[in-house]
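J.: This is run_28.pdb, which holds PDB, C-alpha atoms, pLDDT in the B column:
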ATOM      1  CA  MET A   1     116.338  87.228 123.450  1.00 66.00           C
ATOM      2  CA  MET A   2     113.849  89.688 121.954  1.00 72.00           C
ATOM      3  CA  ALA A   3     112.454  88.730 118.556  1.00 84.00           C
ATOM      4  CA  GLU A   4     112.679  90.937 115.497  1.00 92.00           C
ATOM      5  CA  PRO A   5     110.136  93.803 115.508  1.00 95.00           C
ATOM      6  CA  TYR A   6     106.658  92.784 114.390  1.00 96.00           C
ATOM      7  CA  TYR A   7     105.260  95.850 112.664  1.00 98.00           C
ATOM      8  CA  VAL A   8     101.606  96.791 112.957  1.00 98.00           C
ATOM      9  CA  ILE A   9     100.566  99.670 110.735  1.00 98.00           C
ATOM     10  CA  LEU A  10      98.402 102.223 112.499  1.00 97.00           C
ATOM     11  CA  ASP A  11      96.306 105.214 111.555  1.00 97.00           C
ATOM     12  CA  VAL A  12      94.251 107.379 113.881  1.00 97.00           C
ATOM     13  CA  GLU A  13      91.704 110.035 113.004  1.00 97.00           C
ATOM     14  CA  SER A  14      91.085 112.660 115.665  1.00 98.00           C
ATOM     15  CA  THR A  15      88.999 115.665 116.646  1.00 98.00           C
ATOM     16  CA  GLY A  16      91.921 118.019 115.977  1.00 97.00           C
ATOM     17  CA  LEU A  17      95.648 118.635 116.150  1.00 94.00           C
ATOM     18  CA  LEU A  18      97.732 117.710 119.193  1.00 92.00           C
ATOM     19  CA  PHE A  19      97.680 121.182 120.746  1.00 91.00           C
ATOM     20  CA  THR A  20      93.866 120.900 121.051  1.00 93.00           C
ATOM     21  CA  ASN A  21      94.219 117.810 123.308  1.00 94.00           C
ATOM     22  CA  PRO A  22      92.130 115.854 120.796  1.00 97.00           C
ATOM     23  CA  ASP A  23      90.082 112.701 121.090  1.00 98.00           C
ATOM     24  CA  ILE A  24      90.769 109.766 118.811  1.00 98.00           C
ATOM     25  CA  VAL A  25      87.631 109.096 116.774  1.00 98.00           C
ATOM     26  CA  GLU A  26      88.892 106.235 114.591  1.00 98.00           C
ATOM     27  CA  LEU A  27      91.589 103.669 115.348  1.00 98.00           C
ATOM     28  CA  SER A  28      92.675 101.457 112.469  1.00 98.00           C
ATOM     29  CA  ALA A  29      95.482  98.933 112.177  1.00 98.00           C
ATOM     30  CA  ILE A  30      96.736  96.256 109.817  1.00 98.00           C
ATOM     31  CA  SER A  31      99.595  93.814 110.240  1.00 98.00           C
ATOM     32  CA  LEU A  32     102.486  94.327 107.849  1.00 97.00           C
ATOM     33  CA  GLU A  33     103.032  90.601 107.493  1.00 95.00           C
ATOM     34  CA  PRO A  34     100.238  88.216 106.442  1.00 92.00           C
ATOM     35  CA  ASP A  35      99.124  85.359 108.669  1.00 90.00           C
ATOM     36  CA  GLU A  36      99.094  81.668 107.774  1.00 88.00           C
ATOM     37  CA  THR A  37      96.158  82.276 105.400  1.00 91.00           C
ATOM     38  CA  GLY A  38      98.220  84.753 103.397  1.00 92.00           C
ATOM     39  CA  LEU A  39      96.136  87.722 104.521  1.00 93.00           C
ATOM     40  CA  PRO A  40      96.975  90.572 106.902  1.00 96.00           C
ATOM     41  CA  GLN A  41      95.155  90.967 110.216  1.00 96.00           C
ATOM     42  CA  LEU A  42      92.823  93.966 110.447  1.00 97.00           C
ATOM     43  CA  PHE A  43      91.430  96.176 113.210  1.00 98.00           C
ATOM     44  CA  ASP A  44      89.090  99.139 112.778  1.00 98.00           C
ATOM     45  CA  ALA A  45      86.854 100.878 115.311  1.00 98.00           C
ATOM     46  CA  PHE A  46      85.279 104.272 115.908  1.00 98.00           C
ATOM     47  CA  LEU A  47      85.434 105.905 119.331  1.00 98.00           C
ATOM     48  CA  GLN A  48      82.734 108.070 120.860  1.00 97.00           C
ATOM     49  CA  PRO A  49      84.240 111.563 121.087  1.00 96.00           C
ATOM     50  CA  THR A  50      83.848 113.736 124.169  1.00 96.00           C
ATOM     51  CA  LYS A  51      84.214 116.946 122.164  1.00 97.00           C
ATOM     52  CA  ASP A  52      83.340 118.352 118.763  1.00 98.00           C
ATOM     53  CA  LEU A  53      85.730 117.961 115.869  1.00 98.00           C
ATOM     54  CA  THR A  54      87.423 121.134 114.677  1.00 97.00           C
ATOM     55  CA  LYS A  55      86.374 122.424 111.270  1.00 96.00           C
ATOM     56  CA  GLU A  56      89.824 121.544 109.967  1.00 96.00           C
ATOM     57  CA  ALA A  57      89.522 117.950 111.208  1.00 96.00           C
ATOM     58  CA  THR A  58      86.071 117.523 109.662  1.00 96.00           C
ATOM     59  CA  SER A  59      87.313 118.905 106.345  1.00 94.00           C
ATOM     60  CA  ILE A  60      90.034 116.245 106.348  1.00 92.00           C
ATOM     61  CA  ASN A  61      88.363 113.090 107.665  1.00 94.00           C
ATOM     62  CA  GLY A  62      84.715 113.888 106.923  1.00 94.00           C
ATOM     63  CA  LEU A  63      83.594 113.119 110.475  1.00 97.00           C
ATOM     64  CA  TYR A  64      81.550 115.385 112.735  1.00 97.00           C
ATOM     65  CA  ARG A  65      79.797 115.162 116.096  1.00 97.00           C
ATOM     66  CA  ARG A  66      76.149 115.996 116.706  1.00 95.00           C
ATOM     67  CA  HIS A  67      74.081 115.207 119.818  1.00 92.00           C
ATOM     68  CA  ASN A  68      76.995 113.135 121.169  1.00 92.00           C
ATOM     69  CA  CYS A  69      76.927 110.933 118.056  1.00 95.00           C
ATOM     70  CA  LEU A  70      79.528 110.627 115.308  1.00 97.00           C
ATOM     71  CA  PHE A  71      78.548 111.108 111.677  1.00 97.00           C
ATOM     72  CA  ASN A  72      80.354 110.571 108.385  1.00 94.00           C
ATOM     73  CA  SER A  73      79.608 113.421 105.993  1.00 91.00           C
ATOM     74  CA  LYS A  74      81.039 111.453 103.045  1.00 84.00           C
ATOM     75  CA  GLU A  75      78.483 108.677 103.521  1.00 85.00           C
ATOM     76  CA  GLY A  76      75.773 110.837 105.064  1.00 85.00           C
ATOM     77  CA  LYS A  77      75.061 108.556 108.002  1.00 93.00           C
ATOM     78  CA  GLU A  78      75.786 107.972 111.665  1.00 97.00           C
ATOM     79  CA  VAL A  79      78.832 105.904 112.561  1.00 97.00           C
ATOM     80  CA  PHE A  80      78.659 103.157 115.178  1.00 98.00           C
ATOM     81  CA  THR A  81      80.952 104.070 118.054  1.00 98.00           C
ATOM     82  CA  GLU A  82      82.107 102.469 121.273  1.00 98.00           C
ATOM     83  CA  SER A  83      83.542 103.992 124.425  1.00 98.00           C
ATOM     84  CA  PRO A  84      87.247 104.929 124.179  1.00 98.00           C
ATOM     85  CA  PRO A  85      88.316 102.567 127.003  1.00 99.00           C
ATOM     86  CA  GLN A  86      86.524  99.655 125.343  1.00 99.00           C
ATOM     87  CA  VAL A  87      88.129 100.285 121.943  1.00 99.00           C
ATOM     88  CA  LEU A  88      91.583 100.699 123.477  1.00 99.00           C
ATOM     89  CA  LYS A  89      91.241  97.443 125.413  1.00 99.00           C
ATOM     90  CA  ASP A  90      89.948  95.674 122.306  1.00 99.00           C
ATOM     91  CA  PHE A  91      92.935  96.988 120.361  1.00 99.00           C
ATOM     92  CA  LEU A  92      95.397  95.629 122.910  1.00 99.00           C
ATOM     93  CA  SER A  93      93.587  92.277 122.900  1.00 98.00           C
ATOM     94  CA  TRP A  94      93.845  92.220 119.104  1.00 98.00           C
ATOM     95  CA  LEU A  95      97.579  92.953 119.291  1.00 98.00           C
ATOM     96  CA  LYS A  96      98.071  90.119 121.770  1.00 97.00           C
ATOM     97  CA  LYS A  97      96.444  87.685 119.345  1.00 96.00           C
ATOM     98  CA  LEU A  98      99.183  88.461 116.829  1.00 95.00           C
ATOM     99  CA  GLN A  99     101.409  86.305 119.042  1.00 85.00           C
ATOM    100  CA  SER A 100     104.509  88.463 119.025  1.00 92.00           C
ATOM    101  CA  ASN A 101     106.363  89.723 122.086  1.00 94.00           C
ATOM    102  CA  ASN A 102     107.952  92.588 120.143  1.00 97.00           C
ATOM    103  CA  ILE A 103     105.178  94.601 118.505  1.00 98.00           C
ATOM    104  CA  TYR A 104     106.077  97.973 117.008  1.00 98.00           C
ATOM    105  CA  ILE A 105     103.327 100.337 115.942  1.00 98.00           C
ATOM    106  CA  LEU A 106     104.121 101.950 112.606  1.00 98.00           C
ATOM    107  CA  ALA A 107     102.419 105.126 111.418  1.00 98.00           C
ATOM    108  CA  TYR A 108     103.097 107.955 109.016  1.00 97.00           C
ATOM    109  CA  ASN A 109     104.363 110.794 111.222  1.00 96.00           C
ATOM    110  CA  ALA A 110     104.092 108.379 114.147  1.00 97.00           C
ATOM    111  CA  PHE A 111     106.666 110.132 116.322  1.00 96.00           C
ATOM    112  CA  LYS A 112     104.883 113.484 116.282  1.00 95.00           C
ATOM    113  CA  PHE A 113     101.206 112.536 116.036  1.00 96.00           C
ATOM    114  CA  ASP A 114      99.774 109.006 115.989  1.00 97.00           C
ATOM    115  CA  ALA A 115     101.989 107.434 118.641  1.00 97.00           C
ATOM    116  CA  PRO A 116     101.883 110.223 121.254  1.00 96.00           C
ATOM    117  CA  LEU A 117      98.139 110.552 120.773  1.00 97.00           C
ATOM    118  CA  LEU A 118      97.553 106.820 121.162  1.00 98.00           C
ATOM    119  CA  LEU A 119      99.770 106.515 124.231  1.00 97.00           C
ATOM    120  CA  GLN A 120      98.178 109.596 125.779  1.00 96.00           C
ATOM    121  CA  HIS A 121      94.798 107.884 125.454  1.00 97.00           C
ATOM    122  CA  PHE A 122      96.100 104.772 127.201  1.00 98.00           C
ATOM    123  CA  GLU A 123      97.398 107.030 129.977  1.00 95.00           C
ATOM    124  CA  ARG A 124      94.160 109.005 130.116  1.00 96.00           C
ATOM    125  CA  TYR A 125      92.108 105.879 130.786  1.00 98.00           C
ATOM    126  CA  SER A 126      94.754 104.159 132.951  1.00 98.00           C
ATOM    127  CA  ILE A 127      95.150 101.232 130.559  1.00 98.00           C
ATOM    128  CA  PRO A 128      98.552  99.456 130.754  1.00 98.00           C
ATOM    129  CA  TYR A 129     100.132  98.973 127.345  1.00 98.00           C
ATOM    130  CA  SER A 130     103.914  98.680 127.744  1.00 96.00           C
ATOM    131  CA  GLN A 131     103.855  94.879 127.918  1.00 96.00           C
ATOM    132  CA  VAL A 132     102.149  94.757 124.517  1.00 98.00           C
ATOM    133  CA  ILE A 133     103.533  97.699 122.535  1.00 98.00           C
ATOM    134  CA  ARG A 134     107.329  97.526 122.533  1.00 98.00           C
ATOM    135  CA  GLY A 135     108.296 100.179 120.015  1.00 98.00           C
ATOM    136  CA  VAL A 136     107.345 102.808 117.454  1.00 98.00           C
ATOM    137  CA  CYS A 137     108.321 103.183 113.795  1.00 98.00           C
ATOM    138  CA  ASP A 138     107.914 106.315 111.660  1.00 98.00           C
ATOM    139  CA  PRO A 139     108.674 105.774 107.944  1.00 97.00           C
ATOM    140  CA  LEU A 140     108.390 109.522 107.335  1.00 96.00           C
ATOM    141  CA  VAL A 141     111.710 109.897 109.160  1.00 95.00           C
ATOM    142  CA  GLY A 142     113.292 107.375 106.811  1.00 94.00           C
ATOM    143  CA  ILE A 143     111.735 109.005 103.752  1.00 94.00           C
ATOM    144  CA  GLN A 144     113.244 112.360 104.692  1.00 92.00           C
ATOM    145  CA  ARG A 145     116.702 110.753 104.576  1.00 92.00           C
ATOM    146  CA  LEU A 146     116.317 109.268 101.095  1.00 91.00           C
ATOM    147  CA  PRO A 147     117.750 111.464  98.307  1.00 87.00           C
ATOM    148  CA  SER A 148     115.003 110.461  95.882  1.00 86.00           C
ATOM    149  CA  LEU A 149     112.146 111.289  98.284  1.00 90.00           C
ATOM    150  CA  GLY A 150     113.640 113.660 100.836  1.00 79.00           C
ATOM    151  CA  SER A 151     113.846 116.371  98.189  1.00 86.00           C
ATOM    152  CA  LEU A 152     110.075 116.375  97.622  1.00 87.00           C
ATOM    153  CA  SER A 153     108.572 119.755  98.492  1.00 86.00           C
ATOM    154  CA  LYS A 154     105.598 117.942 100.036  1.00 88.00           C
ATOM    155  CA  LYS A 155     105.944 114.630 101.814  1.00 91.00           C
ATOM    156  CA  SER A 156     102.375 113.710 102.698  1.00 93.00           C
ATOM    157  CA  LEU A 157     101.340 110.085 102.390  1.00 94.00           C
ATOM    158  CA  LEU A 158      99.567 110.995  99.142  1.00 92.00           C
ATOM    159  CA  ASP A 159     102.596 112.801  97.679  1.00 93.00           C
ATOM    160  CA  VAL A 160     105.006 109.962  98.427  1.00 95.00           C
ATOM    161  CA  CYS A 161     102.633 107.279  97.138  1.00 94.00           C
ATOM    162  CA  GLN A 162     102.066 109.165  93.900  1.00 93.00           C
ATOM    163  CA  THR A 163     105.814 109.654  93.451  1.00 93.00           C
ATOM    164  CA  LEU A 164     106.344 105.905  93.824  1.00 93.00           C
ATOM    165  CA  LYS A 165     103.391 105.215  91.494  1.00 94.00           C
ATOM    166  CA  ILE A 166     101.266 103.545  94.153  1.00 95.00           C
ATOM    167  CA  HIS A 167      97.585 103.731  93.236  1.00 92.00           C
ATOM    168  CA  VAL A 168      95.582 106.010  95.527  1.00 92.00           C
ATOM    169  CA  ARG A 169      91.804 106.300  95.787  1.00 87.00           C
ATOM    170  CA  SER A 170      91.669 110.006  96.567  1.00 76.00           C
ATOM    171  CA  ARG A 171      88.085 109.882  97.798  1.00 77.00           C
ATOM    172  CA  GLU A 172      89.038 107.306 100.434  1.00 80.00           C
ATOM    173  CA  LEU A 173      91.963 109.291 101.856  1.00 78.00           C
ATOM    174  CA  HIS A 174      91.797 110.143 105.569  1.00 76.00           C
ATOM    175  CA  SER A 175      89.621 107.189 106.347  1.00 88.00           C
ATOM    176  CA  GLY A 176      91.671 105.529 109.059  1.00 89.00           C
ATOM    177  CA  PHE A 177      91.114 102.106 107.564  1.00 92.00           C
ATOM    178  CA  TYR A 178      92.044 103.122 104.013  1.00 92.00           C
ATOM    179  CA  ASP A 179      95.071 105.126 105.120  1.00 95.00           C
ATOM    180  CA  SER A 180      96.441 102.157 107.055  1.00 96.00           C
ATOM    181  CA  VAL A 181      96.021  99.892 104.011  1.00 95.00           C
ATOM    182  CA  LEU A 182      97.642 102.522 101.774  1.00 96.00           C
ATOM    183  CA  LEU A 183     100.540 102.915 104.189  1.00 97.00           C
ATOM    184  CA  ARG A 184     101.039  99.147 104.184  1.00 97.00           C
ATOM    185  CA  ASN A 185     101.405  99.264 100.395  1.00 96.00           C
ATOM    186  CA  LEU A 186     103.911 102.098 100.723  1.00 97.00           C
ATOM    187  CA  VAL A 187     105.956 100.332 103.397  1.00 97.00           C
ATOM    188  CA  LYS A 188     106.104  97.152 101.325  1.00 96.00           C
ATOM    189  CA  LYS A 189     107.376  99.238  98.395  1.00 95.00           C
ATOM    190  CA  LEU A 190     109.978 101.013 100.537  1.00 95.00           C
ATOM    191  CA  ARG A 191     111.180  97.735 101.998  1.00 94.00           C
ATOM    192  CA  GLN A 192     111.385  96.218  98.529  1.00 93.00           C
ATOM    193  CA  GLU A 193     113.483  99.138  97.268  1.00 91.00           C
ATOM    194  CA  TRP A 194     115.706  99.770 100.304  1.00 91.00           C
ATOM    195  CA  GLY A 195     115.576  96.544 102.307  1.00 89.00           C
ATOM    196  CA  ASN A 196     114.585  95.669 105.877  1.00 87.00           C
ATOM    197  CA  ALA A 197     117.133  98.129 107.241  1.00 91.00           C
ATOM    198  CA  PHE A 198     114.852 100.968 106.139  1.00 94.00           C
ATOM    199  CA  LEU A 199     112.323 100.229 108.896  1.00 95.00           C
ATOM    200  CA  LYS A 200     114.929  99.507 111.543  1.00 94.00           C
ATOM    201  CA  ASP A 201     116.576 102.871 110.880  1.00 94.00           C
ATOM    202  CA  CYS A 202     113.349 104.747 111.646  1.00 96.00           C
ATOM    203  CA  SER A 203     112.295 102.677 114.673  1.00 97.00           C
ATOM    204  CA  MET A 204     112.621 103.295 118.401  1.00 97.00           C
ATOM    205  CA  THR A 205     111.957 101.119 121.395  1.00 97.00           C
ATOM    206  CA  LEU A 206     109.046 102.293 123.508  1.00 97.00           C
ATOM    207  CA  GLN A 207     111.454 103.565 126.152  1.00 95.00           C
ATOM    208  CA  GLN A 208     113.448 105.543 123.577  1.00 96.00           C
ATOM    209  CA  PHE A 209     110.294 107.023 122.098  1.00 96.00           C
ATOM    210  CA  LYS A 210     108.864 108.058 125.452  1.00 93.00           C
ATOM    211  CA  SER A 211     112.089 109.785 126.474  1.00 92.00           C
ATOM    212  CA  SER A 212     112.535 111.499 123.086  1.00 88.00           C
ATOM    213  CA  TYR A 213     109.000 112.535 122.108  1.00 81.00           C
ATOM    214  CA  PHE A 214     106.212 111.437 124.416  1.00 70.00           C
ATOM    215  CA  LYS A 215     107.457 113.142 127.584  1.00 65.00           C
ATOM    216  CA  ASP A 216     107.152 116.577 125.957  1.00 62.00           C
ATOM    217  CA  PHE A 217     103.647 115.913 124.669  1.00 58.00           C
ATOM    218  CA  TYR A 218     102.322 114.349 127.863  1.00 51.00           C
ATOM    219  CA  SER A 219     103.713 117.078 130.113  1.00 47.00           C
ATOM    220  CA  SER A 220     102.185 119.852 128.009  1.00 41.00           C
TER     221      SER A 220
END
The structure given in the file should be rewritten as structure tokens.

T.:
Amino acid sequence: MMAEPYYVILDVESTGLLFTNPDIVELSAISLEPDETGLPQLFDAFLQPTKDLTKEATSINGLYRRHNCLFNSKEGKEVFTESPPQVLKDFLSWLKKLQSNNIYILAYNAFKFDAPLLLQHFERYSIPYSQVIRGVCDPLVGIQRLPSLGSLSKKSLLDVCQTLKIHVRSRELHSGFYDSVLLRNLVKKLRQEWGNAFLKDCSMTLQQFKSSYFKDFYSS
């Protein structure tokens, strides 16, 4: 019998929007539940891009590429990067250490951005992942169904957090690591207000996700 979903919160920063066939440049994750020490498990790594970031992407995440190196304009220095295959393999190894056979990746707008982009990268580098990642959860879908939040004219992570009075460090936004931590705070708040059913109602098994969303992205 499959265990209850074990949610791992994910955020990816990229060189551009999906239609540009972007590279992931930062992959960050944090476990929703703490470990035996009372702390969540963390993962954060930067990937060496094979293409320049679009101006729009740089304006959002502050990253840019020069001479095949990645730089952070907010900090004014080069960022240490590793090859995409290495980071992806390290990420899967990290997930395996969480000791769950039912890991669901959870991201804000996961169905239409983070999840298809991540899975496309696994496919691109021929890295098997389906025995580790079992499902996908997108709390944005659940938020859109809530009367108190679905009526918001803007439903960005920032907008929803501010509405729920969750403290946001605006300068840190769109850092993959900070966004994943912020999303964890939001998910904990949503679960506290609306119960565990909130996450289940906006989750899909990997097979469901691939047939509903990923097939269209990957075939394009």

J.: Between CA of Ser175 in chain A and CA of Leu63 in chain A, what distance in Å does the model show, to one decimal?

T.: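 It comes out at 9.4 Å.
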
J.: I want to know what sits within 12 Å of Glu4 in chain A, based on all atoms listed in the file, with residues of the same chain fewer than 4 positions away left out; could you give that as a count of residues only?

T.: 13

J.: Could you give me, as a ChimeraX atom specification, the residues within 10 Å of range 70-85 of chain A, counting only C-alpha atoms and dropping anything in the same chain fewer than 5 positions from it?

T.: /A:23-27,45-50,52-53,58-59,61-65,90-91,121-122,124-127,171-172

J.: Rank nothing, just name the residue among A:Leu164, A:Leu149, A:Ile133, A:Cys202 nearest to Leu118 in chain A, using only C-alpha atoms.

T.: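 Checking each candidate against Leu118 in chain A, we get A:Ile133 as the closest.
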
J.: What does the distance from CA of Ser28 in chain A to CA of Leu42 in chain A come to in Å, to one decimal?

T.: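 That distance, rounded to one decimal, is 7.8 Å.
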
J.: I'd like the contact shell of Asn185 in chain A - 12 Å cut-off, all atoms listed in the file, skipping same-chain residues fewer than 2 positions apart - returned as an mmCIF file with C-alpha atoms, in the frame of the given file.

T.:
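Result written to around.cif:
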data_model
loop_
_atom_site.group_PDB
_atom_site.id
_atom_site.type_symbol
_atom_site.label_atom_id
_atom_site.label_comp_id
_atom_site.auth_asym_id
_atom_site.auth_seq_id
_atom_site.Cartn_x
_atom_site.Cartn_y
_atom_site.Cartn_z
ATOM 1 C CA ILE A 9 100.566 99.670 110.735
ATOM 2 C CA ILE A 30 96.736 96.256 109.817
ATOM 3 C CA SER A 31 99.595 93.814 110.240
ATOM 4 C CA LEU A 32 102.486 94.327 107.849
ATOM 5 C CA GLU A 33 103.032 90.601 107.493
ATOM 6 C CA PRO A 40 96.975 90.572 106.902
ATOM 7 C CA LEU A 157 101.340 110.085 102.390
ATOM 8 C CA LEU A 158 99.567 110.995 99.142
ATOM 9 C CA VAL A 160 105.006 109.962 98.427
ATOM 10 C CA CYS A 161 102.633 107.279 97.138
ATOM 11 C CA GLN A 162 102.066 109.165 93.900
ATOM 12 C CA LEU A 164 106.344 105.905 93.824
ATOM 13 C CA LYS A 165 103.391 105.215 91.494
ATOM 14 C CA ILE A 166 101.266 103.545 94.153
ATOM 15 C CA HIS A 167 97.585 103.731 93.236
ATOM 16 C CA VAL A 168 95.582 106.010 95.527
ATOM 17 C CA TYR A 178 92.044 103.122 104.013
ATOM 18 C CA ASP A 179 95.071 105.126 105.120
ATOM 19 C CA SER A 180 96.441 102.157 107.055
ATOM 20 C CA VAL A 181 96.021 99.892 104.011
ATOM 21 C CA LEU A 182 97.642 102.522 101.774
ATOM 22 C CA LEU A 183 100.540 102.915 104.189
ATOM 23 C CA VAL A 187 105.956 100.332 103.397
ATOM 24 C CA LYS A 188 106.104 97.152 101.325
ATOM 25 C CA LYS A 189 107.376 99.238 98.395
ATOM 26 C CA LEU A 190 109.978 101.013 100.537
ATOM 27 C CA ARG A 191 111.180 97.735 101.998
ATOM 28 C CA GLN A 192 111.385 96.218 98.529
#

J.: Rank nothing, just name the residue among A:Trp94, A:Tyr6, A:Phe177, A:Phe43 nearest to Val136 in chain A, using only C-alpha atoms.

T.: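 Smallest separation from Val136 in chain A among the options: A:Tyr6.
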
J.: Select, from A:Gly195, A:Pro147, A:Gly38, A:Gly176, the residue with the minimum atom-to-atom distance to Ile60 in chain A, counting only C-alpha atoms.

T.: A:Gly176

J.: Kindly provide, as lines of an AutoDock Vina configuration file, the centre and edge lengths (Å, one decimal) of an axis-aligned box around all atoms of range 149-158 of chain A given in the file, with 5 Å on each side.

T.:
center_x = 106.7
center_y = 114.9
center_z = 100.2
size_x = 24.3
size_y = 19.7
size_z = 15.1
